[in-house]
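Asker: Below is structure_13.cif; it holds mmCIF, C-alpha atoms and all ligand atoms.
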data_upload
#
loop_
_atom_site.label_atom_id
_atom_site.label_comp_id
_atom_site.auth_asym_id
_atom_site.auth_seq_id
_atom_site.Cartn_x
_atom_site.Cartn_y
_atom_site.Cartn_z
CA MET A 179 131.11 111.20 102.33
CA PHE A 180 129.77 108.69 104.74
CA PHE A 181 126.55 108.82 106.48
CA ARG A 182 126.39 106.64 109.45
CA ASN A 183 123.12 105.39 110.46
CA HIS A 184 122.49 104.41 113.87
CA ARG A 185 120.02 102.17 115.30
CA GLN A 186 119.19 100.10 118.13
CA ALA A 187 119.04 96.43 118.19
CA PRO A 188 117.06 94.79 120.83
CA HIS A 189 118.22 92.79 123.65
CA LEU A 190 116.39 90.13 125.53
CA SER A 191 115.03 89.83 128.91
CA LEU A 192 115.03 86.27 129.91
CA VAL A 193 112.59 86.60 132.71
CA PHE A 194 108.90 86.12 132.15
CA ALA A 195 109.07 87.30 128.65
CA ILE A 196 110.43 86.27 125.37
CA LEU A 197 111.25 89.63 124.17
CA ALA A 198 111.68 92.55 126.34
CA ALA A 199 113.47 95.67 125.76
CA ALA A 200 115.36 97.13 122.99
CA ILE A 201 118.74 98.57 123.25
CA ALA A 202 121.72 98.30 121.46
CA ILE A 203 124.01 98.61 118.85
CA SER A 204 124.17 100.73 115.99
CA SER A 205 123.85 99.86 112.48
CA CYS A 206 123.08 100.90 109.25
CA GLY A 207 123.78 101.95 105.89
CA GLN A 208 121.67 103.59 103.48
CA ASN A 209 120.14 102.63 100.38
CA GLN A 210 117.62 104.00 98.18
CA PRO A 211 116.57 101.39 95.81
CA VAL A 212 116.33 102.38 92.27
CA GLY A 213 114.89 99.60 90.47
CA VAL A 214 113.88 96.37 91.72
CA ALA A 215 110.83 94.59 91.40
CA ALA A 216 108.33 91.99 91.33
CA GLY A 217 107.38 89.07 93.27
CA ALA A 218 104.86 86.47 93.87
CA LYS A 219 102.00 88.78 93.29
CA LEU A 220 101.39 91.90 91.34
CA THR A 221 101.37 95.21 93.12
CA ALA A 222 98.87 97.94 92.43
CA GLY A 223 99.33 99.48 89.03
CA SER A 224 101.39 96.66 87.62
CA THR A 225 100.26 94.33 84.89
CA LYS A 226 100.72 90.75 83.92
CA ALA A 227 103.04 91.96 81.19
CA ASP A 228 105.19 93.72 83.78
CA GLU A 229 105.41 90.54 85.74
CA GLN A 230 106.44 88.56 82.69
CA ILE A 231 109.11 91.06 81.76
CA CYS A 232 110.43 91.40 85.28
CA THR A 233 110.39 87.84 86.45
CA LEU A 234 113.32 85.58 85.80
CA LYS A 235 112.56 82.11 84.57
CA ASP A 236 114.41 79.03 85.70
CA GLY A 237 117.89 79.01 84.21
CA GLU A 238 117.92 82.77 83.60
CA ALA A 239 120.22 85.26 85.25
CA LYS A 240 120.87 88.93 85.23
CA THR A 241 123.31 91.34 86.73
CA PHE A 242 121.96 94.43 88.39
CA LYS A 243 124.31 97.38 88.60
CA GLY A 244 122.93 100.37 90.36
CA HIS A 245 124.00 103.02 92.75
CA ASN A 246 121.07 103.58 94.95
CA LEU A 247 122.69 105.29 97.85
CA PRO A 248 125.07 108.11 98.42
CA THR A 249 127.76 105.58 99.26
CA THR A 250 126.35 102.15 98.65
CA PRO A 251 126.46 100.45 95.31
CA THR A 252 123.84 97.82 94.70
CA ASN A 253 125.57 95.41 92.40
CA TYR A 254 124.61 91.80 92.32
CA ARG A 255 123.95 88.92 90.05
CA ILE A 256 120.68 87.07 90.39
CA SER A 257 119.76 83.74 88.86
CA ARG A 258 116.85 81.42 89.32
CA ASP A 259 116.30 77.70 89.41
CA SER A 260 113.99 75.29 91.16
CA VAL A 261 114.27 72.23 93.29
CA GLY A 262 111.07 70.32 92.79
CA SER A 263 108.38 72.96 92.95
CA ARG A 264 110.40 75.29 95.14
CA ILE A 265 111.87 78.31 93.41
CA GLN A 266 115.36 79.42 94.39
CA TYR A 267 116.97 82.77 93.71
CA HIS A 268 120.74 82.82 93.86
CA LEU A 269 122.27 86.18 94.68
CA LEU A 270 125.96 86.76 94.10
CA LEU A 271 127.78 89.67 95.72
CA ASN A 272 131.37 90.69 95.11
CA PHE A 273 132.54 92.07 98.44
CA LYS A 274 136.08 93.14 99.09
CA PHE A 275 136.99 93.84 102.69
CA VAL A 276 139.71 96.41 103.26
CA ASP A 277 141.28 96.80 106.68
CA ARG A 278 141.47 100.47 107.66
CA ARG A 279 142.47 99.89 111.25
CA SER A 280 145.77 101.13 112.62
CA SER A 281 147.28 97.63 112.50
CA PRO A 282 145.79 96.13 109.38
CA ASP A 283 145.35 92.40 109.09
CA ALA A 284 146.69 91.18 105.77
CA ASN A 285 144.21 88.35 105.83
CA ILE A 286 141.16 90.51 106.47
CA ASN A 287 139.43 89.87 103.15
CA ALA A 288 139.50 86.12 103.60
CA SER A 289 138.61 86.19 107.28
CA MET A 290 135.68 88.60 106.88
CA LYS A 291 134.37 86.62 103.93
CA ALA A 292 134.47 83.52 106.11
CA ARG A 293 132.53 85.31 108.85
CA ALA A 294 130.03 86.67 106.36
CA ARG A 295 129.49 83.19 104.94
CA ALA A 296 128.90 81.83 108.43
CA CYS A 297 126.33 84.53 109.15
CA ILE A 298 124.61 84.01 105.81
CA ALA A 299 124.36 80.30 106.60
CA VAL A 300 122.62 81.14 109.89
CA ALA A 301 120.13 83.43 108.17
CA GLU A 302 119.54 81.33 105.07
CA PRO A 303 116.68 79.17 106.37
CA PHE A 304 114.80 82.38 107.09
CA LEU A 305 115.38 84.15 103.79
CA THR A 306 112.20 83.10 102.08
CA GLY A 307 109.49 84.68 99.98
CA PRO A 308 105.71 84.74 100.34
CA ASN A 309 105.44 81.47 98.42
CA ASP A 310 108.33 79.85 100.27
CA GLU A 311 110.80 80.78 97.55
CA ARG A 312 114.39 80.68 98.80
CA LEU A 313 117.03 83.38 98.64
CA LEU A 314 120.52 81.95 98.56
CA ILE A 315 123.19 84.59 99.04
CA ARG A 316 126.75 83.88 98.06
CA LEU A 317 129.95 85.88 98.00
CA THR A 318 132.21 85.58 94.98
CA ASP A 319 134.91 83.00 95.26
CA GLY A 320 138.01 83.42 93.14
CA PRO A 321 139.07 85.95 90.53
CA SER A 322 137.10 84.66 87.55
CA GLU A 323 133.80 84.85 89.38
CA ALA A 324 134.72 88.21 90.91
CA ALA A 325 135.46 89.57 87.45
CA GLU A 326 131.79 89.24 86.57
CA LEU A 327 130.69 91.93 89.01
CA PRO A 328 131.84 95.36 90.11
CA GLU A 329 133.64 95.14 93.42
CA THR A 330 131.84 96.38 96.51
CA GLU A 331 134.39 97.61 98.99
CA ILE A 332 133.65 97.36 102.70
CA SER A 333 136.00 99.07 105.12
CA ILE A 334 136.83 97.36 108.38
CA VAL A 335 137.41 99.93 111.08
CA GLU A 336 138.15 99.93 114.79
CA GLY A 337 136.49 101.53 117.77
CA GLN A 338 132.76 101.82 118.00
CA PRO A 339 131.68 103.52 114.85
CA ARG A 340 128.18 103.38 113.70
CA ASP A 341 128.24 100.61 111.18
CA SER A 342 126.98 101.35 107.73
CA SER A 343 126.67 99.27 104.65
CA ALA A 344 130.22 100.22 103.64
CA ILE A 345 131.84 100.42 107.09
CA TRP A 346 131.85 97.45 109.42
CA ARG A 347 133.57 96.56 112.62
CA ALA A 348 135.55 93.34 112.39
CA ASP A 349 133.32 91.83 115.08
CA ILE A 350 130.06 92.97 113.52
CA GLU A 351 127.34 90.69 114.80
CA CYS A 352 125.43 88.47 112.43
CA PRO A 353 121.99 90.12 112.51
CA LEU A 354 123.54 93.49 111.79
CA MET A 355 125.71 92.03 109.07
CA ILE A 356 122.65 90.54 107.38
CA HIS A 357 120.91 93.92 107.66
CA GLU A 358 123.89 95.59 105.97
CA ILE A 359 124.05 92.93 103.27
CA PHE A 360 120.44 93.69 102.39
CA HIS A 361 121.39 97.33 101.93
CA HIS A 362 123.73 96.03 99.25
CA LEU A 363 120.71 94.28 97.77
CA GLY A 364 118.79 97.55 97.57
CA LEU A 365 116.74 97.75 100.76
CA VAL A 366 116.41 100.94 102.78
CA ASP A 367 116.37 101.55 106.51
CA GLU A 368 112.99 101.54 108.21
CA TYR A 369 113.70 102.66 111.76
CA ALA A 370 113.09 106.20 112.91
CA GLU A 371 116.32 108.11 113.37
CA LEU A 372 115.18 109.39 116.73
CA SER A 373 117.94 107.55 118.48
CA ALA A 374 120.63 109.64 116.89
CA THR A 375 123.48 110.20 119.28
CA GLN A 376 126.26 112.63 119.73
CA THR A 377 128.54 110.15 118.03
CA THR A 378 126.32 110.34 115.02
CA ALA A 379 126.44 114.10 115.23
CA VAL A 380 130.22 114.04 115.16
CA ASP A 381 130.19 111.64 112.25
CA LEU A 382 127.95 113.99 110.37
CA GLY A 383 129.95 117.08 111.29
CA GLU A 384 126.83 118.41 112.94
CA SER A 385 127.01 119.92 116.42
CA ASP A 386 123.33 120.76 116.77
CA SER A 387 121.97 117.68 118.51
CA ALA A 388 118.34 118.72 117.95
CA LYS A 389 119.04 118.76 114.25
CA VAL A 390 120.67 115.35 114.42
CA ALA A 391 117.67 113.94 116.26
CA THR A 392 115.38 114.84 113.39
CA LEU A 393 117.68 113.56 110.73
CA TYR A 394 115.89 111.64 107.95
CA ASP A 395 112.52 112.48 109.46
CA CYS A 396 110.88 111.95 106.04
CA ARG A 397 111.54 108.23 106.32
CA SER A 398 108.75 105.67 106.08
CA THR A 399 109.13 103.36 109.01
CA GLY A 400 108.49 99.65 109.18
CA PRO A 401 107.43 97.32 111.98
CA SER A 402 109.95 96.77 114.75
CA ASP A 403 110.41 93.15 113.75
CA SER A 404 111.53 94.11 110.26
CA LEU A 405 115.12 93.23 109.36
CA MET A 406 115.56 96.80 108.12
CA ALA A 407 114.17 98.31 111.32
CA PHE A 408 115.53 96.30 114.24
CA GLN A 409 117.41 93.31 112.98
CA SER A 410 117.68 91.57 116.34
CA VAL A 411 113.91 91.68 116.78
CA ALA A 412 113.59 90.24 113.29
CA PHE A 413 115.87 87.35 114.21
CA LEU A 414 113.92 86.80 117.42
CA SER A 415 110.70 86.68 115.44
CA VAL A 416 111.94 83.70 113.43
CA SER A 417 113.39 81.90 116.43
CA GLU A 418 111.68 79.26 118.41
CA ASN A 419 111.77 79.87 122.10
CA ASN A 420 112.46 77.34 124.82
CA GLN A 421 110.73 78.06 128.08
CA GLN A 422 110.56 76.53 131.48
CA ILE A 423 107.18 76.87 133.11
CA GLU A 424 106.13 76.55 136.71
CA CYS A 425 102.56 75.78 137.64
CA VAL A 426 101.63 77.47 140.87
CA CYS A 427 98.65 76.93 143.13
CA PRO A 428 97.76 80.05 145.14
CA LYS A 429 96.15 77.69 147.65
CA LEU A 430 96.93 74.05 147.42
CA ALA A 431 93.29 73.11 148.09
CA GLU A 432 92.24 74.90 144.90
CA CYS A 433 94.14 72.55 142.68
CA SER A 434 94.55 69.47 144.78
CA GLU A 435 92.08 67.57 142.65
CA ALA A 436 93.92 68.45 139.46
CA LEU A 437 97.17 67.60 141.15
CA SER A 438 95.91 64.18 142.10
CA LYS A 439 95.14 63.53 138.44
CA LEU A 440 98.48 64.80 137.20
CA LYS A 441 100.18 61.95 135.50
CA GLY A 442 103.11 61.71 133.18
CA ASP A 443 104.12 64.93 131.54
CA PRO A 444 101.03 66.65 130.15
CA GLY A 445 102.95 69.75 129.07
CA GLU A 446 100.43 72.16 130.54
CA CYS A 447 99.47 73.43 133.94
CA PRO A 448 96.76 71.52 135.80
CA ILE A 449 93.38 73.21 136.17
CA GLY A 450 93.34 75.68 139.02
CA SER A 451 97.03 76.46 138.86
CA LYS A 452 98.67 79.43 137.24
CA SER A 453 101.52 79.10 134.80
CA LYS A 454 104.62 81.20 135.15
CA VAL A 455 107.41 81.41 132.68
CA ILE A 456 110.50 81.21 134.82
CA TYR A 457 113.05 80.90 132.09
CA SER A 458 112.85 81.70 128.45
CA VAL A 459 115.64 81.46 125.95
CA SER A 460 115.39 81.90 122.25
CA ARG A 461 117.15 79.85 119.65
CA TYR A 462 118.43 83.19 118.51
CA GLU A 463 120.48 83.42 121.69
CA THR A 464 121.78 79.91 121.65
CA ASP A 465 122.38 78.88 118.08
CA PHE A 466 122.80 82.25 116.49
CA SER A 467 125.11 83.59 119.13
CA GLY A 468 127.63 81.02 118.02
CA VAL A 469 128.42 83.45 115.26
CA GLN A 470 128.28 86.45 117.53
CA SER A 471 124.79 87.77 117.72
CA THR A 472 124.07 91.00 119.53
CA VAL A 473 122.23 89.25 122.28
CA GLN A 474 124.14 87.86 125.18
CA ARG A 475 122.93 84.86 127.00
CA GLY A 476 121.37 86.15 130.12
CA THR A 477 120.60 84.83 133.51
CA VAL A 478 117.48 85.22 135.51
CA ASP A 479 117.24 88.71 136.87
CA ALA A 480 118.32 88.84 140.52
CA ASP A 481 115.16 90.52 141.76
CA ALA A 482 112.97 88.22 139.76
CA GLU A 483 114.77 85.26 141.21
CA LYS A 484 114.20 86.50 144.75
CA TYR A 485 110.57 87.07 143.94
CA ARG A 486 110.27 83.64 142.51
CA LEU A 487 111.88 82.01 145.52
CA GLY A 488 109.67 84.01 147.88
CA LYS A 489 106.60 82.89 146.03
CA LEU A 490 107.68 79.33 146.26
CA LEU A 491 107.40 79.57 150.05
CA GLU A 492 103.91 81.04 150.00
CA GLU A 493 102.44 79.33 147.05
CA LYS A 494 102.76 75.79 145.94
CA THR A 495 104.61 75.01 142.80
CA ILE A 496 103.11 71.72 141.83
CA TYR A 497 104.60 71.07 138.46
CA ARG A 498 107.37 72.24 136.18
CA PHE A 499 107.73 71.59 132.52
CA SER A 500 109.51 72.84 129.43
CA ARG A 501 107.93 73.87 126.19
CA THR A 502 108.96 75.23 122.84
CA ILE A 503 107.16 78.22 121.43
CA ALA A 504 107.00 78.31 117.67
CA PRO A 505 108.46 81.36 115.96
CA ALA A 506 106.13 84.22 115.12
CA ARG A 507 107.32 84.34 111.50
CA THR A 508 109.07 82.05 109.10
CA SER A 509 110.92 84.65 107.05
CA LEU A 510 113.22 87.51 107.92
CA LEU A 511 111.93 89.33 104.86
CA LEU A 512 108.64 91.11 104.44
CA PRO A 513 106.98 90.54 101.05
CA ALA A 514 107.84 93.93 99.54
CA GLN A 515 111.47 93.55 100.61
CA PHE A 516 111.62 90.15 99.01
CA ARG A 517 110.09 91.38 95.74
CA SER A 518 112.50 94.28 95.66
CA VAL A 519 115.48 91.96 95.91
CA ILE A 520 114.36 89.36 93.40
CA HIS A 521 113.29 91.85 90.72
CA PRO A 522 116.05 94.41 90.58
CA GLY A 523 115.49 97.18 88.11
CA CYS A 524 111.81 96.45 87.68
CA GLN A 525 109.92 99.54 88.71
CA PRO A 526 106.29 98.61 88.06
CA LEU A 527 106.20 95.70 90.44
CA ASN A 528 107.88 97.62 93.24
CA GLU A 529 106.21 100.94 92.76
CA LEU A 530 104.86 101.36 96.26
CA TYR A 531 108.04 100.20 97.97
CA HIS A 532 110.14 102.53 95.86
CA LYS A 533 107.92 105.52 96.40
CA CYS A 534 108.00 105.06 100.16
CA ALA A 535 111.70 104.20 100.17
CA ALA A 536 112.54 107.37 98.25
CA ASN A 537 112.14 109.39 101.47
CA ALA A 538 114.37 107.15 103.56
CA TYR A 539 117.35 109.52 103.61
CA ARG A 540 115.62 112.86 103.34
CA THR A 541 115.09 115.41 106.07
CA SER A 542 112.22 117.87 106.20
CA VAL A 543 112.79 121.55 105.47
CA GLU A 544 111.63 122.51 108.95
CA HIS A 545 114.41 120.37 110.33
CA GLY A 546 117.06 121.78 108.10
CA GLY A 547 116.88 119.30 105.27
CA GLU A 548 116.14 119.43 101.60
CA GLY A 549 112.52 118.48 102.23
CA CYS A 550 110.48 115.33 101.89
CA ILE A 551 109.22 114.11 98.57
CA LYS A 552 105.57 115.08 98.55
CA ASP A 553 102.56 113.16 97.35
CA THR A 554 103.86 109.79 98.39
CA PRO A 555 101.15 107.15 98.75
CA SER A 556 99.24 107.22 102.03
CA GLN A 557 100.58 103.78 102.88
CA CYS A 558 104.03 105.32 103.34
CA ASN A 559 102.94 107.57 106.16
CA ASP A 560 100.21 105.93 108.11
CA GLN A 561 102.46 104.03 110.50
CA SER A 562 101.17 100.82 109.01
CA THR A 563 103.16 98.16 107.31
CA ASP A 564 101.10 98.28 104.13
CA TRP A 565 103.99 99.51 102.05
CA LEU A 566 105.95 96.39 102.99
CA ARG A 567 103.27 93.88 102.12
ZN ZN B 601 120.72 100.17 107.88
#
Show how you would write the structure in this file as structure tokens.
Ligand SMILES: [Zn+2]
Answerer:
Amino acid sequence: MFFRNHRQAPHLSLVFAILAAAIAISSCGQNQPVGVAAGAKLTAGSTKADEQICTLKDGEAKTFKGHNLPTTPTNYRISRDSVGSRIQYHLLLNFKFVDRRSSPDANINASMKARARACIAVAEPFLTGPNDERLLIRLTDGPSEAAELPETEISIVEGQPRDSSAIWRADIECPLMIHEIFHHLGLVDEYAELSATQTTAVDLGESDSAKVATLYDCRSTGPSDSLMAFQSVAFLSVSENNQQIECVCPKLAECSEALSKLKGDPGECPIGSKSKVIYSVSRYETDFSGVQSTVQRGTVDADAEKYRLGKLLEEKTIYRFSRTIAPARTSLLLPAQFRSVIHPGCQPLNELYHKCAANAYRTSVEHGGEGCIKDTPSQCNDQSTDWLR
């Protein structure tokens, strides 16, 4: 039985804004983490002893074998070392790609592994913990290494299915692939299933679209820039943004003095002028799209361009410059997600995350489901991101 989750990845407007609307492509898989744990700091209810038991030391490794989802095994090997004072966690996954398309590609396992490695390399600088720990994800290479771990089979299918952790399209874009990989590392979805579509209904064998739209309504949601909510927004949040700015004087007299003092390239608009972002492109769109991101490089919107040109006739553009906006975040992972991945099987240190995550694939009784788990901590339900801290 496959559940196909569906979600929307955002897409960028390049005019006057870094991030505009969301649309997009589906994704998802499901995962309910069983165990997992710990991190840089103790969570409520945990003890120092829990931390000591749960935390790997340099040179240690363990293999976590769980089955947290209806269809998704969470099997990986984790080991720890350090470079200088920086802790590194190495995560090994044993994926096997199987081509289920009508004309199977005999080389699919190798080619999808190559794509996955390329996407992982793009994400790697942004897979860090609260104390700048690194997560280094690797796929098994060769039979002896693969023999250490149960195989995780991922089907490659054609058409436009809703991707899940176990079903990918061959051209799955990197942000979505990274989202799905983290399902295999035990993380759950955090977006509201309100965007369920008829396709999803068909996948689920459910013809009642109202019922589909309330699917998994017990789920605790995360912020839109979470990798497990909207992966493209998450990638945007770690991307620097290159902008071109125009400085406009509504009346030339109002900034003529500043203009007369404008020398060199000050990198800001002179006093009296207004700044307008006329072009904004994220590193996400340029660098990351090289390995097929969801976002297409855009052009300036036609109407916006006309507006801009019209304004140029009335107002005076006195100066143009480029600037780079620093990313909003440094990591794709929120602290609780990171702890969950680095401490598999350790309940005490991930108690809150697990309690909230336990409702991720449940539907309320009033909407035809088996009902939500009651008495979850208030942090799961208050629309905040507390459960992910
Ligand atoms: Zn998902």
Asker: Please determine an axis-aligned box that encloses all atoms of segment 318-327 of chain A listed in the file, with 6 Å added on each side, and express its centre and edge lengths in Å to one decimal as AutoDock Vina command-line options.
Answerer:
--center_x 134.9 --center_y 87.5 --center_z 90.9 --size_x 20.4 --size_y 20.9 --size_z 20.7
Asker: Could you name the residues that touch segment 311-327 of chain A at 8 Å or less, counting all atoms listed in the file, but leaving out those on the same chain fewer than 6 positions away, as a PDB file with C-alpha atoms, keeping the file's coordinate frame?
Answerer:
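Dumped everything to selection.pdb:
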ATOM      1  CA  THR A 241     123.310  91.340  86.730  1.00  0.00           C
ATOM      2  CA  ASN A 253     125.570  95.410  92.400  1.00  0.00           C
ATOM      3  CA  TYR A 254     124.610  91.800  92.320  1.00  0.00           C
ATOM      4  CA  ARG A 255     123.950  88.920  90.050  1.00  0.00           C
ATOM      5  CA  ARG A 264     110.400  75.290  95.140  1.00  0.00           C
ATOM      6  CA  ILE A 265     111.870  78.310  93.410  1.00  0.00           C
ATOM      7  CA  GLN A 266     115.360  79.420  94.390  1.00  0.00           C
ATOM      8  CA  TYR A 267     116.970  82.770  93.710  1.00  0.00           C
ATOM      9  CA  HIS A 268     120.740  82.820  93.860  1.00  0.00           C
ATOM     10  CA  LEU A 269     122.270  86.180  94.680  1.00  0.00           C
ATOM     11  CA  LEU A 270     125.960  86.760  94.100  1.00  0.00           C
ATOM     12  CA  LEU A 271     127.780  89.670  95.720  1.00  0.00           C
ATOM     13  CA  ASN A 272     131.370  90.690  95.110  1.00  0.00           C
ATOM     14  CA  PHE A 273     132.540  92.070  98.440  1.00  0.00           C
ATOM     15  CA  LYS A 291     134.370  86.620 103.930  1.00  0.00           C
ATOM     16  CA  ARG A 295     129.490  83.190 104.940  1.00  0.00           C
ATOM     17  CA  ILE A 298     124.610  84.010 105.810  1.00  0.00           C
ATOM     18  CA  GLU A 302     119.540  81.330 105.070  1.00  0.00           C
ATOM     19  CA  LEU A 305     115.380  84.150 103.790  1.00  0.00           C
TER      20      LEU A 305
END
Asker: Using only C-alpha atoms, can you tell me which of A:Arg278, A:Arg258, A:Arg397, A:Arg347 comes closest to Arg540 of chain A?
Answerer: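 Using only C-alpha atoms, the shortest distance to Arg540 of chain A belongs to A:Arg397.
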Asker: Would you mind reading off the distance between atom CA of Lys454 of chain A and atom CA of Gln422 of chain A, one decimal, in Å?
Answerer: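 Going from atom CA of Lys454 of chain A over to atom CA of Gln422 of chain A, I get 8.4 Å.
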Asker: Quick one: of A:Leu365, A:Cys558, A:Leu440, A:Ala514, who's nearest to ligand ZN 601 (chain B), counting all atoms listed in the file?
Answerer: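 Selected residue with least distance to ligand ZN 601 (chain B): A:Leu365.
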Asker: Report, in Å with one decimal, the straight-line distance from atom CA of Lys533 of chain A to atom CA of Glu229 of chain A.
Answerer: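 Value for the atom CA of Lys533 of chain A-atom CA of Glu229 of chain A distance: 18.6 Å.
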Asker: Please report the interatomic distance between atom CA of Glu238 of chain A and atom CA of Ser257 of chain A in Å with one decimal.
Answerer: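 These two atoms are separated by 5.7 Å.
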Asker: Would you please work out which residue, of A:Leu566, A:Cys427, A:Ala506, A:Met355, is nearest to ligand ZN 601 (chain B) when using all atoms listed in the file?
Answerer: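 Under the stated criterion, the closest residue is A:Met355.
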Asker: Would you kindly return, as an MDAnalysis selection string, each protein, DNA or RNA residue with an atom no farther than 7 Å from any atom of Asn537 of chain A, considering only C-alpha atoms and excluding same-chain residues fewer than 2 positions away?
Answerer: chainID A and resid 396:398 534:535 539:540 550:551
